[in-house]
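Asker: Structure incoming, see below.
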Amino acid sequence: MNNLVLIGMPSSGKSTAGVLLAKKIGYSFVDCDLLIQGRENALLSEIIEQKGAEGFLAIEEEVNASLQADRCVIATGGSVIYCPRAMEHLKKIGKVVYLRLSEGEVERRVGDFHKRGVVMRGDVRSLKELYRERAPLYQLYADECVDCDGQTIDDTVHELMKIAKKAE
């Protein structure tokens, strides 16, 4: 259990903070969205468009559930919390940290979430609905939580470093 797994809404800083944290603590960095894009040879938005939300989630679950990592900071995609087998695996191989943002801050940061390759399931059509669906799931799976509202990326990395130290 020597990995840190970052979960949270799109724009919460998983990739940005993850890279900086990995450099500071001497870990490798894994971006699961990039693994998916590499495997499928397509952008996330293209995969979602071609395979639909459920098709994308099947790929995301497979990639995350089979991830082998040691001494890594792992940035997951925001929709990984819809993949129970993947989350079970990630919790076995690391400490799961939720980078929490308020609904308003997500809206401010995200911009056009359709272009970002954000998975929208069922009747969810707005960022507000997406936030309300996902926030309880992030909380459910999190071992730790870092509140990122009003924080710089350096503030977030500093909080993550404290969690990393405790996890050693």
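Letters A, B, ... go to the chains of the structure tokens in the order shown; residues in each chain start at 1; ligands are counted from 1 in the same order.
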Do a neighbour search on Val118 of chain A at 8 Å with only C-alpha atoms, toss out local chain neighbours closer than 6 positions, and write the hits as a count of residues only.
Answerer: 5
Asker: Among segment 34-156 of chain A, which residues carry a DSSP assignment of helix (DSSP H, G or I), reported as an MDAnalysis selection string?
Answerer: chainID A and resid 34:40 44:65 78:82 84:93 103:110 127:141 153:156
Asker: Could you make a table, as JSON lines, of the residues of segment 3-48 of chain A that have an atom within 8 Å of an atom of segment 98-109 of chain A, each with its nearest atom pair and distance in Å to one decimal, counting only C-alpha atoms, in chain and number order?
Answerer:
```
{"residue": "A:Leu6", "atom": "CA", "partner": "A:Tyr98", "partner_atom": "CA", "distance": 6.0}
{"residue": "A:Ile7", "atom": "CA", "partner": "A:Tyr98", "partner_atom": "CA", "distance": 4.9}
{"residue": "A:Gly8", "atom": "CA", "partner": "A:Leu99", "partner_atom": "CA", "distance": 5.2}
{"residue": "A:Met9", "atom": "CA", "partner": "A:Val106", "partner_atom": "CA", "distance": 7.3}
{"residue": "A:Pro10", "atom": "CA", "partner": "A:Val106", "partner_atom": "CA", "distance": 7.4}
{"residue": "A:Ser11", "atom": "CA", "partner": "A:Arg109", "partner_atom": "CA", "distance": 6.0}
{"residue": "A:Ser12", "atom": "CA", "partner": "A:Leu99", "partner_atom": "CA", "distance": 6.0}
{"residue": "A:Gly13", "atom": "CA", "partner": "A:Leu99", "partner_atom": "CA", "distance": 7.3}
{"residue": "A:Lys14", "atom": "CA", "partner": "A:Leu99", "partner_atom": "CA", "distance": 7.1}
```
Asker: Restrict the selected residues to N, CA and C atoms and save them as a compact mmCIF listing (two decimals), in the first residue's frame.
Answerer:
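Listing of out.txt after writing:
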```txt
# COMPACT_ATOMS: atom_id res chain seq x y z
N LEU A 6 -5.32 9.50 -6.39
CA LEU A 6 -6.08 10.74 -6.33
C LEU A 6 -7.39 10.59 -7.09
N ILE A 7 -8.50 10.93 -6.41
CA ILE A 7 -9.83 10.91 -7.04
C ILE A 7 -10.44 12.30 -6.87
N GLY A 8 -11.42 12.60 -7.71
CA GLY A 8 -12.12 13.88 -7.59
C GLY A 8 -12.71 14.31 -8.91
N MET A 9 -13.47 15.37 -8.85
CA MET A 9 -14.14 15.91 -10.03
C MET A 9 -13.11 16.39 -11.06
N PRO A 10 -13.53 16.47 -12.33
CA PRO A 10 -12.68 17.09 -13.34
C PRO A 10 -12.30 18.50 -12.86
N SER A 11 -11.07 18.85 -13.06
CA SER A 11 -10.50 20.16 -12.69
C SER A 11 -10.11 20.27 -11.22
N SER A 12 -10.18 19.18 -10.47
CA SER A 12 -9.82 19.25 -9.05
C SER A 12 -8.30 19.29 -8.84
N GLY A 13 -7.53 18.99 -9.88
CA GLY A 13 -6.07 19.08 -9.77
C GLY A 13 -5.38 17.74 -9.64
N LYS A 14 -6.08 16.66 -9.93
CA LYS A 14 -5.49 15.32 -9.75
C LYS A 14 -4.18 15.17 -10.54
```
Asker: Select, from A:Ala65, A:Met161, A:Ala142, A:Ala53, the residue with the minimum atom-to-atom distance to Val124 of chain A, counting only C-alpha atoms.
Answerer: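 For Val124 of chain A, the nearest of the given residues is A:Ala53.
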Asker: Let me make sure I understand: among A:Leu67, A:Val5, A:Cys148, A:Leu34, which one has the smallest atom-to-atom distance to Ala167 of chain A if we use only C-alpha atoms?
Answerer: A:Val5
Asker: Return the single residue from A:Val110, A:Val146, A:Val96, A:Leu160 that is closest to Tyr131 of chain A, with distances computed using only C-alpha atoms.
Answerer: A:Val110
Asker: Distance atom CA of Arg125 of chain A-atom CA of Ala75 of chain A, one decimal place?
Answerer: 24.8 Å
Asker: Could you jot down the atom CA of Ile153 of chain A to atom CA of Asn3 of chain A separation for me, Å, one decimal place?
Answerer: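 Rounded to one decimal, the two atoms are 20.0 Å apart.
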Asker: I'd like the interatomic distance between atom CA of Lys95 of chain A and atom CA of Tyr138 of chain A, to a tenth of an Å.
Answerer: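 Taking atom CA of Lys95 of chain A and atom CA of Tyr138 of chain A, their separation equals 13.1 Å.
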Asker: Which of chain A counts as strand (DSSP E) under DSSP, as an NGL selection string please?
Answerer: :A and (3-7 or 28-31 or 72-75 or 94-100 or 144-147)
Asker: Kindly indicate which residue among A:Gly150, A:Gly38, A:Gly26, A:Gly77 lies nearest to Glu61 of chain A, using only C-alpha atoms for the distances.
Answerer: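 Of A:Gly150, A:Gly38, A:Gly26, A:Gly77, the one nearest Glu61 of chain A, counting only C-alpha atoms, is A:Gly77.
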